[in-house]
Every structure is written in structure tokens, then in C-alpha cells.
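Dropping entry.csv in here (CSV, C-alpha atoms and all ligand atoms):
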chain,number,residue,atom,x,y,z
A,4,MET,CA,30.7,35.9,-37.3
A,5,ARG,CA,33.0,35.2,-40.3
A,6,ASN,CA,33.1,38.5,-42.3
A,7,GLU,CA,36.9,39.2,-42.4
A,8,GLU,CA,36.6,42.9,-43.1
A,9,LYS,CA,34.3,43.3,-40.1
A,10,ILE,CA,36.5,41.2,-37.9
A,11,ARG,CA,39.5,43.4,-38.8
A,12,GLU,CA,37.5,46.5,-38.1
A,13,LYS,CA,36.5,45.3,-34.7
A,14,ILE,CA,40.1,44.3,-33.8
A,15,ALA,CA,41.2,47.9,-34.7
A,16,GLU,CA,38.3,49.4,-32.7
A,17,PHE,CA,39.5,47.4,-29.6
A,18,GLU,CA,43.1,48.4,-30.4
A,19,ASN,CA,42.1,52.1,-30.3
A,20,ARG,CA,40.1,51.7,-27.1
A,21,LEU,CA,42.5,49.9,-24.9
A,22,GLY,CA,44.9,47.8,-26.9
A,23,TRP,CA,45.3,44.0,-27.0
A,24,TYR,CA,47.4,42.5,-24.3
A,25,GLN,CA,46.9,38.9,-25.7
A,26,ASN,CA,47.4,37.7,-29.2
A,27,ILE,CA,44.4,35.5,-30.0
A,28,ASP,CA,44.4,33.4,-33.2
A,29,LEU,CA,41.1,34.2,-35.0
A,30,GLY,CA,41.8,31.9,-37.9
A,31,SER,CA,42.4,32.7,-41.6
A,32,GLY,CA,45.7,34.3,-40.6
A,33,ILE,CA,44.0,37.0,-38.4
A,34,HIS,CA,45.5,37.8,-35.0
A,35,THR,CA,44.4,40.3,-32.5
A,36,LYS,CA,47.8,41.8,-31.4
A,37,THR,CA,50.0,44.1,-33.4
A,38,ARG,CA,51.9,46.0,-30.7
A,39,ARG,CA,53.3,45.6,-27.2
A,40,ILE,CA,51.4,47.5,-24.5
A,41,TRP,CA,53.2,46.4,-21.3
A,42,GLY,CA,56.5,45.2,-22.7
A,43,GLU,CA,55.1,41.7,-23.4
A,44,GLU,CA,56.0,39.8,-26.6
A,45,ILE,CA,53.8,40.2,-29.7
A,46,ASP,CA,52.8,36.6,-29.5
A,47,HIS,CA,51.9,36.9,-25.7
A,48,PRO,CA,51.0,34.8,-23.8
A,49,LYS,CA,52.5,32.0,-25.9
A,50,ALA,CA,55.6,31.5,-23.9
A,51,ARG,CA,53.7,31.8,-20.6
A,52,TRP,CA,51.2,29.2,-21.8
A,53,ALA,CA,54.1,26.9,-22.8
A,54,GLU,CA,55.1,26.7,-19.1
A,55,VAL,CA,51.5,26.5,-17.8
A,56,ALA,CA,50.6,23.8,-20.3
A,57,LYS,CA,53.1,21.4,-18.8
A,58,ALA,CA,50.5,20.7,-16.1
A,59,VAL,CA,47.5,20.7,-18.4
A,60,PRO,CA,46.3,17.3,-19.7
A,61,ASN,CA,46.1,17.1,-23.5
A,62,ASP,CA,42.6,15.7,-23.2
A,63,LEU,CA,40.3,17.7,-21.0
A,64,THR,CA,37.1,16.0,-22.2
A,65,GLY,CA,34.4,16.2,-19.6
A,66,GLN,CA,36.3,18.6,-17.4
A,67,SER,CA,35.4,22.1,-16.2
A,68,VAL,CA,38.0,24.9,-16.4
A,69,LEU,CA,38.1,28.4,-14.9
A,70,ASP,CA,40.6,31.0,-16.1
A,71,ILE,CA,40.9,33.8,-13.5
A,72,GLY,CA,42.1,37.1,-14.9
A,73,CYS,CA,41.4,35.7,-18.3
A,74,ASN,CA,42.0,38.9,-20.2
A,75,ALA,CA,41.0,38.3,-23.9
A,76,GLY,CA,40.6,34.6,-23.1
A,77,TYR,CA,43.8,32.9,-24.4
A,78,MET,CA,44.0,30.2,-21.8
A,79,ALA,CA,40.3,29.6,-21.8
A,80,PHE,CA,40.5,29.0,-25.6
A,81,GLU,CA,43.4,26.6,-25.2
A,82,ALA,CA,41.3,24.6,-22.6
A,83,LYS,CA,38.4,24.5,-25.0
A,84,SER,CA,40.6,23.3,-27.8
A,85,ARG,CA,41.6,20.4,-25.5
A,86,GLY,CA,38.0,19.3,-25.3
A,87,ALA,CA,36.9,20.8,-21.9
A,88,ASN,CA,33.2,20.5,-21.3
A,89,TYR,CA,32.6,23.8,-19.6
A,90,VAL,CA,35.0,26.7,-19.7
A,91,CYS,CA,34.6,29.9,-17.8
A,92,GLY,CA,36.8,33.0,-17.9
A,93,VAL,CA,36.6,35.9,-15.5
A,94,ASP,CA,38.3,39.3,-15.5
A,95,LEU,CA,37.8,42.5,-13.5
A,96,LYS,CA,37.9,44.7,-16.6
A,97,LYS,CA,34.7,44.9,-18.7
A,98,GLU,CA,36.7,45.8,-21.8
A,99,TYR,CA,38.8,42.6,-21.6
A,100,ILE,CA,35.6,40.5,-21.2
A,101,GLU,CA,34.3,42.3,-24.3
A,102,GLN,CA,37.5,41.3,-26.2
A,103,ALA,CA,37.1,37.7,-25.0
A,104,ARG,CA,33.5,37.5,-26.1
A,105,PHE,CA,34.3,38.9,-29.5
A,106,CYS,CA,37.1,36.4,-29.9
A,107,ALA,CA,34.8,33.5,-28.8
A,108,ASP,CA,32.2,34.6,-31.3
A,109,VAL,CA,34.7,34.7,-34.2
A,110,ARG,CA,36.3,31.4,-33.2
A,111,GLY,CA,32.9,29.7,-32.6
A,112,ASP,CA,33.9,28.7,-29.1
A,113,ASP,CA,31.2,28.3,-26.4
A,114,ILE,CA,32.9,29.9,-23.4
A,115,ASP,CA,31.2,31.6,-20.4
A,116,PHE,CA,33.1,34.9,-20.1
A,117,ARG,CA,32.1,37.1,-17.1
A,118,GLN,CA,33.2,40.4,-15.6
A,119,LEU,CA,34.0,39.3,-12.1
A,120,SER,CA,36.7,40.1,-9.6
A,121,VAL,CA,38.8,37.5,-7.9
A,122,TYR,CA,37.2,38.6,-4.7
A,123,GLU,CA,33.7,37.6,-6.0
A,124,LEU,CA,34.4,34.1,-7.2
A,125,GLU,CA,31.9,32.6,-4.8
A,126,LYS,CA,29.2,34.1,-7.1
A,127,LEU,CA,30.1,31.3,-9.6
A,128,GLY,CA,28.5,28.9,-7.1
A,129,ARG,CA,30.6,26.0,-8.1
A,130,GLN,CA,34.1,24.4,-8.2
A,131,PHE,CA,36.2,23.6,-11.3
A,132,ASP,CA,38.4,20.6,-12.1
A,133,LEU,CA,41.1,22.9,-13.3
A,134,VAL,CA,41.8,26.5,-12.4
A,135,PHE,CA,44.3,28.9,-14.1
A,136,PHE,CA,45.5,31.6,-11.7
A,137,VAL,CA,48.0,33.0,-14.1
A,138,GLY,CA,49.6,36.4,-14.1
A,139,ILE,CA,47.2,37.9,-11.6
A,140,LEU,CA,48.3,37.1,-8.0
A,141,TYR,CA,50.8,40.0,-7.9
A,142,HIS,CA,48.1,42.5,-9.0
A,143,CYS,CA,45.9,41.6,-6.0
A,144,GLN,CA,45.9,44.3,-3.3
A,145,TYR,CA,44.3,41.9,-0.8
A,146,LEU,CA,46.7,39.1,-1.5
A,147,TYR,CA,45.6,36.5,1.0
A,148,GLU,CA,41.9,37.1,0.3
A,149,ALA,CA,42.5,36.5,-3.4
A,150,ILE,CA,44.4,33.2,-2.7
A,151,GLU,CA,41.5,32.0,-0.5
A,152,GLN,CA,38.9,32.9,-3.1
A,153,ALA,CA,40.7,31.2,-5.9
A,154,SER,CA,41.4,28.1,-3.9
A,155,LYS,CA,37.8,27.7,-2.9
A,156,VAL,CA,36.7,27.3,-6.5
A,157,ALA,CA,39.5,24.8,-7.3
A,158,GLY,CA,38.1,21.3,-6.9
A,159,LYS,CA,41.1,19.3,-8.1
A,160,ARG,CA,44.0,21.2,-9.7
A,161,MET,CA,45.1,24.8,-9.7
A,162,ILE,CA,48.0,26.2,-11.8
A,163,VAL,CA,49.5,29.4,-10.4
A,164,GLU,CA,51.9,31.6,-12.3
A,165,SER,CA,53.3,34.8,-11.0
A,166,ALA,CA,56.0,37.4,-10.9
A,167,ILE,CA,58.2,36.2,-8.0
A,168,HIS,CA,60.8,37.4,-5.5
A,169,PRO,CA,63.9,35.8,-6.9
A,170,GLU,CA,65.5,34.8,-3.6
A,171,ASP,CA,65.8,31.0,-3.3
A,172,SER,CA,65.2,30.5,0.4
A,173,GLU,CA,63.5,27.9,2.6
A,174,ILE,CA,62.1,31.0,4.4
A,175,PRO,CA,58.8,32.1,2.8
A,176,LEU,CA,59.3,35.7,1.7
A,177,VAL,CA,57.0,38.2,0.1
A,178,ARG,CA,58.2,41.5,-1.3
A,179,PHE,CA,55.9,44.5,-1.7
A,180,VAL,CA,56.9,46.7,-4.6
A,181,ARG,CA,55.5,50.2,-4.2
A,182,SER,CA,53.7,51.4,-7.4
A,183,SER,CA,55.9,54.4,-7.6
A,184,ASN,CA,59.1,52.2,-7.3
A,185,TYR,CA,57.9,49.8,-9.9
A,186,LYS,CA,60.7,49.4,-12.5
A,187,GLY,CA,59.1,46.8,-14.7
A,188,PRO,CA,58.0,47.2,-18.3
A,189,GLN,CA,55.7,50.3,-18.9
A,190,GLY,CA,56.2,51.5,-15.4
A,191,LYS,CA,53.8,54.5,-15.9
A,192,ASP,CA,50.9,52.2,-16.6
A,193,ALA,CA,51.8,49.8,-13.8
A,194,ALA,CA,51.8,52.7,-11.4
A,195,ARG,CA,48.0,52.8,-11.6
A,196,LEU,CA,48.0,49.4,-9.8
A,197,PRO,CA,47.7,49.4,-6.0
A,198,GLY,CA,51.2,47.8,-5.7
A,199,HIS,CA,52.9,44.5,-6.6
A,200,TRP,CA,53.3,41.5,-4.3
A,201,HIS,CA,56.2,39.2,-5.2
A,202,PRO,CA,56.4,35.9,-3.2
A,203,ASN,CA,59.4,33.7,-3.5
A,204,MET,CA,58.8,30.1,-4.6
A,205,THR,CA,58.6,28.9,-1.0
A,206,ALA,CA,56.0,31.4,-0.1
A,207,LEU,CA,54.0,30.7,-3.3
A,208,LYS,CA,53.8,27.0,-2.3
A,209,ASP,CA,53.1,27.7,1.3
A,210,PHE,CA,50.1,29.9,0.4
A,211,PHE,CA,48.5,27.0,-1.3
A,212,TYR,CA,49.4,24.3,1.3
A,213,GLU,CA,47.6,26.5,3.7
A,214,GLN,CA,44.5,26.3,1.5
A,215,GLY,CA,44.5,22.5,1.8
A,216,PHE,CA,46.2,21.4,-1.4
A,217,SER,CA,48.0,18.1,-0.6
A,218,LYS,CA,50.6,18.1,-3.4
A,219,ILE,CA,52.4,21.1,-4.8
A,220,GLU,CA,55.2,21.0,-7.4
A,221,THR,CA,57.3,23.6,-9.1
A,222,LEU,CA,56.5,24.0,-12.7
A,223,PHE,CA,59.2,26.5,-13.6
A,224,LYS,CA,61.2,29.5,-12.3
A,225,LYS,CA,62.9,31.8,-14.7
A,226,GLY,CA,63.3,35.4,-15.6
A,227,GLY,CA,61.6,36.8,-12.5
A,228,ARG,CA,58.5,34.5,-12.9
A,229,GLY,CA,57.6,31.2,-11.4
A,230,GLY,CA,54.8,28.6,-11.6
A,231,ILE,CA,53.4,25.9,-9.4
A,232,VAL,CA,50.8,23.1,-9.8
A,233,ALA,CA,48.7,22.4,-6.8
A,234,ASP,CA,46.5,19.3,-6.5
A,235,ARG,CA,43.8,18.5,-3.9
B,1,LIG,C1,48.9,40.5,-16.4
B,1,LIG,S1,47.3,40.2,-17.0
B,1,LIG,C2,47.4,38.4,-17.2
B,1,LIG,C3,46.3,37.9,-18.1
B,1,LIG,C4,46.4,36.4,-18.4
B,1,LIG,N1,46.1,35.6,-17.3
B,1,LIG,C5,47.8,36.1,-19.0
B,1,LIG,O1,48.6,35.5,-18.3
B,1,LIG,O2,48.0,36.5,-20.1
B,1,LIG,C6,46.3,40.4,-15.5
B,1,LIG,C7,44.8,40.3,-15.8
B,1,LIG,O3,44.2,40.2,-14.5
B,1,LIG,C8,43.0,41.1,-14.5
B,1,LIG,N2,42.8,41.4,-13.1
B,1,LIG,C9,43.5,42.3,-12.3
B,1,LIG,N3,43.0,42.3,-11.1
B,1,LIG,C10,41.9,41.5,-11.1
B,1,LIG,C11,41.0,41.1,-10.1
B,1,LIG,N4,41.0,41.7,-8.9
B,1,LIG,N5,40.0,40.2,-10.4
B,1,LIG,C12,40.0,39.7,-11.7
B,1,LIG,N6,40.8,40.0,-12.7
B,1,LIG,C13,41.8,40.9,-12.4
B,1,LIG,C14,43.5,42.2,-15.4
B,1,LIG,O4,42.4,42.9,-15.9
B,1,LIG,C15,44.2,41.5,-16.5
B,1,LIG,O5,43.4,41.1,-17.5
Structure rendered as C-alpha cells:
Amino acid sequence: MRNEEKIREKIAEFENRLGWYQNIDLGSGIHTKTRRIWGEEIDHPKARWAEVAKAVPNDLTGQSVLDIGCNAGYMAFEAKSRGANYVCGVDLKKEYIEQARFCADVRGDDIDFRQLSVYELEKLGRQFDLVFFVGILYHCQYLYEAIEQASKVAGKRMIVESAIHPEDSEIPLVRFVRSSNYKGPQGKDAARLPGHWHPNMTALKDFFYEQGFSKIETLFKKGGRGGIVADR
């Protein structure tokens, strides 16, 4: 699809239906996002990707990549642009998968976007060389089940990014933030979520050691967020 008027119309239609959380570059100066919906930046998730990308090889030729909680597909598109062979993106929300498919169509990217929950990843029936588990762990009501499911499909490397409990401690700590007590951006919307789990960095790493990853390193920790890279 390369009719710019139609592309802009479709972007506006999605905007009216549920808004754009991610700003996807559709070429010719066209971008999806024009306003913040949860307090994120207008160019979201550019800054988040910059942290995640530190653990992503520049050349992904021949590799398979899975983006869990892909939203409109930003990280899946980044993986494709680095030459990944097969890229799959999954999200719980049908509307986000529709956004992602629309963007893939406009960009001309061959990506397998599917509406699927983190608790159903076994339906994919395979493992991936690289898995993004970014900005989703704290949304998962069944925290440990989500960690197990995501780990099972990660054949080599998984990158995990999350809101974290800020306490630097050797003791693994996980804080549960009641929906009604949530004080983050756009608290009203967030209150629809079942609650927020915030592990500290020690707990975040321990979760994945427990899943059999042999090497786990801190990618970053700042502004209430943290990231790790876990290798088999
Ligand atoms: C905060 S957004 C992060 C999106 C993207 N990974 C990023 O960093 O920009 C969380 C995403 O996870 C999705 N999500 C929430 N719970 C999920 C679940 N149980 N299974 C799959 N996706 C889920 C949401 O629909 C949303 O698109």
C-alpha cells in the first residue's frame, strides 16, 4: 500500500479507535503517533529501544526473532531491518495486532503478527534465536507463568525490560502495586490492569536463572526501569 492519503486516513482511524502507543516510521515523513496516551514520549519507544538494542546484533541475517507484547510492532520492524530471517510479533490485543499488520503492509515488511497471549506461546510450536520481552512483565497477572512461557520459546537469547522495584539489594524483591494505588502516568487507564509487579534487578535476574539461562547481565537501570540480557 503506498497511497499517502489512504495511509494518513487509516492512521487517523486507528487514532480515533484506540490511539497509537508506538511511533512507527511509515516512510515519506509519515509517522503513526501524534499524542501521548500513557505519558510516554511522542517518539516512543525510541529511548527504550536504544537500551534494548545494546544487546541486539547489528546483523541478524538468518536468525529468528520473537517480540512478545509487540504492540504496533516497533521492535519487530527493527529486527527485520537488521536482516532477521523470520520475525514474529504477538500481542494480547487484537487492535494492536491490526495496527502492526497495517504498518507492516505500508512498510513492505514480511512479519508474522499474531494475536496471542504470553500464556499461549507454546501455540507457536517453536523456539526463537532472539526474544524481546519488553515492557510487558509487570502487566502479567500470573507473573511466574509468563516468565516460564516466555523462557520456553527463547532458544538462545532473551532481552527483558521492565518497570522495576528501585531497591538495590542482593535480596530478590518483588513489589505488587495495587491497581487503585498506581501512581504512574495515566493512572486511570492503568487501573484497568490487574495490578503491577515490580521486581528489583536481583529478582529479575533470578527469575531467568531459574529458567536455565546460563549467563545474565544487566543492560541498564534508570528512571524506575531496568533491563537484562539472558543467554542460554
Ligand atoms: C507497555 S506496552 C509495551 C509494548 C512494547 N513492547 C514496547 O516496549 O513499546 C505492553 C504491551 O503488552 C501487551 N500485553 C499485555 N498483557 C499481555 C499478555 N498477557 N500477552 C500478550 N501481550 C500482552 C499490551 O497489549 C501492550 O501492547
| query | So which residues are near ligand LIG 1 (chain B), meaning at most 9 Å away with only C-alpha atoms and all ligand atoms counted, given back as number ranges by chain? | reply | A: 24-25, 41, 47-49, 51-52, 70-78, 93-100, 118-124, 135-145, 149, 164-165, 196
Produce a file of the selected residues containing C-alpha atoms, as a PDB file, in the coordinates of the input.
ATOM      1  CA  TYR A  24      47.400  42.500 -24.300  1.00  0.00           C
ATOM      2  CA  GLN A  25      46.900  38.900 -25.700  1.00  0.00           C
ATOM      3  CA  TRP A  41      53.200  46.400 -21.300  1.00  0.00           C
ATOM      4  CA  HIS A  47      51.900  36.900 -25.700  1.00  0.00           C
ATOM      5  CA  PRO A  48      51.000  34.800 -23.800  1.00  0.00           C
ATOM      6  CA  LYS A  49      52.500  32.000 -25.900  1.00  0.00           C
ATOM      7  CA  ARG A  51      53.700  31.800 -20.600  1.00  0.00           C
ATOM      8  CA  TRP A  52      51.200  29.200 -21.800  1.00  0.00           C
ATOM      9  CA  ASP A  70      40.600  31.000 -16.100  1.00  0.00           C
ATOM     10  CA  ILE A  71      40.900  33.800 -13.500  1.00  0.00           C
ATOM     11  CA  GLY A  72      42.100  37.100 -14.900  1.00  0.00           C
ATOM     12  CA  CYS A  73      41.400  35.700 -18.300  1.00  0.00           C
ATOM     13  CA  ASN A  74      42.000  38.900 -20.200  1.00  0.00           C
ATOM     14  CA  ALA A  75      41.000  38.300 -23.900  1.00  0.00           C
ATOM     15  CA  GLY A  76      40.600  34.600 -23.100  1.00  0.00           C
ATOM     16  CA  TYR A  77      43.800  32.900 -24.400  1.00  0.00           C
ATOM     17  CA  MET A  78      44.000  30.200 -21.800  1.00  0.00           C
ATOM     18  CA  VAL A  93      36.600  35.900 -15.500  1.00  0.00           C
ATOM     19  CA  ASP A  94      38.300  39.300 -15.500  1.00  0.00           C
ATOM     20  CA  LEU A  95      37.800  42.500 -13.500  1.00  0.00           C
ATOM     21  CA  LYS A  96      37.900  44.700 -16.600  1.00  0.00           C
ATOM     22  CA  LYS A  97      34.700  44.900 -18.700  1.00  0.00           C
ATOM     23  CA  GLU A  98      36.700  45.800 -21.800  1.00  0.00           C
ATOM     24  CA  TYR A  99      38.800  42.600 -21.600  1.00  0.00           C
ATOM     25  CA  ILE A 100      35.600  40.500 -21.200  1.00  0.00           C
ATOM     26  CA  GLN A 118      33.200  40.400 -15.600  1.00  0.00           C
ATOM     27  CA  LEU A 119      34.000  39.300 -12.100  1.00  0.00           C
ATOM     28  CA  SER A 120      36.700  40.100  -9.600  1.00  0.00           C
ATOM     29  CA  VAL A 121      38.800  37.500  -7.900  1.00  0.00           C
ATOM     30  CA  TYR A 122      37.200  38.600  -4.700  1.00  0.00           C
ATOM     31  CA  GLU A 123      33.700  37.600  -6.000  1.00  0.00           C
ATOM     32  CA  LEU A 124      34.400  34.100  -7.200  1.00  0.00           C
ATOM     33  CA  PHE A 135      44.300  28.900 -14.100  1.00  0.00           C
ATOM     34  CA  PHE A 136      45.500  31.600 -11.700  1.00  0.00           C
ATOM     35  CA  VAL A 137      48.000  33.000 -14.100  1.00  0.00           C
ATOM     36  CA  GLY A 138      49.600  36.400 -14.100  1.00  0.00           C
ATOM     37  CA  ILE A 139      47.200  37.900 -11.600  1.00  0.00           C
ATOM     38  CA  LEU A 140      48.300  37.100  -8.000  1.00  0.00           C
ATOM     39  CA  TYR A 141      50.800  40.000  -7.900  1.00  0.00           C
ATOM     40  CA  HIS A 142      48.100  42.500  -9.000  1.00  0.00           C
ATOM     41  CA  CYS A 143      45.900  41.600  -6.000  1.00  0.00           C
ATOM     42  CA  GLN A 144      45.900  44.300  -3.300  1.00  0.00           C
ATOM     43  CA  TYR A 145      44.300  41.900  -0.800  1.00  0.00           C
ATOM     44  CA  ALA A 149      42.500  36.500  -3.400  1.00  0.00           C
ATOM     45  CA  GLU A 164      51.900  31.600 -12.300  1.00  0.00           C
ATOM     46  CA  SER A 165      53.300  34.800 -11.000  1.00  0.00           C
ATOM     47  CA  LEU A 196      48.000  49.400  -9.800  1.00  0.00           C
TER      48      LEU A 196
END
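When all atoms listed in the file are used to compute distances to Val109 (chain A), the closest of the residues A:Lys224, A:Lys9, A:His199, A:Lys218 turns out to be A:Lys9.
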| request: Enumerate, as a PyMOL selection string, the protein, DNA and RNA residues whose atoms approach (56.2, 31.6, 2.9) to within 10 Å, taking into account all atoms listed in the file and the coordinate frame of the file. | output: chain A and resi 172-177+202-211
Suppose we keep C-alpha atoms; can you now write the selection as an mmCIF file, keeping the file's coordinate frame?
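Everything below was put into out34.cif:
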data_model
loop_
_atom_site.group_PDB
_atom_site.id
_atom_site.type_symbol
_atom_site.label_atom_id
_atom_site.label_comp_id
_atom_site.auth_asym_id
_atom_site.auth_seq_id
_atom_site.Cartn_x
_atom_site.Cartn_y
_atom_site.Cartn_z
ATOM 1 C CA SER A 172 65.200 30.500 0.400
ATOM 2 C CA GLU A 173 63.500 27.900 2.600
ATOM 3 C CA ILE A 174 62.100 31.000 4.400
ATOM 4 C CA PRO A 175 58.800 32.100 2.800
ATOM 5 C CA LEU A 176 59.300 35.700 1.700
ATOM 6 C CA VAL A 177 57.000 38.200 0.100
ATOM 7 C CA PRO A 202 56.400 35.900 -3.200
ATOM 8 C CA ASN A 203 59.400 33.700 -3.500
ATOM 9 C CA MET A 204 58.800 30.100 -4.600
ATOM 10 C CA THR A 205 58.600 28.900 -1.000
ATOM 11 C CA ALA A 206 56.000 31.400 -0.100
ATOM 12 C CA LEU A 207 54.000 30.700 -3.300
ATOM 13 C CA LYS A 208 53.800 27.000 -2.300
ATOM 14 C CA ASP A 209 53.100 27.700 1.300
ATOM 15 C CA PHE A 210 50.100 29.900 0.400
ATOM 16 C CA PHE A 211 48.500 27.000 -1.300
#
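Of the listed residues A:Leu21, A:Ala107, A:Arg85, A:Gly226, the one whose atoms come nearest to Ala50 (chain A) is A:Gly226, with distances taken using only C-alpha atoms.
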| Closest to Cys91 (chain A) among A:Arg160, A:Arg39, A:Arg181, A:Arg129, using all atoms listed in the file? | A:Arg129
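The spacing separating CA of Thr64 (chain A) from CA of Glu125 (chain A) amounts to 24.6 Å.
Between CA of Lys159 (chain A) and CA of Phe131 (chain A) lies a distance of 7.3 Å.
Take the candidates A:Val180, A:Leu133, A:Leu29, A:Ala58 and check each one against Asn6 (chain A) using all atoms listed in the file; the shortest distance goes to A:Leu29.
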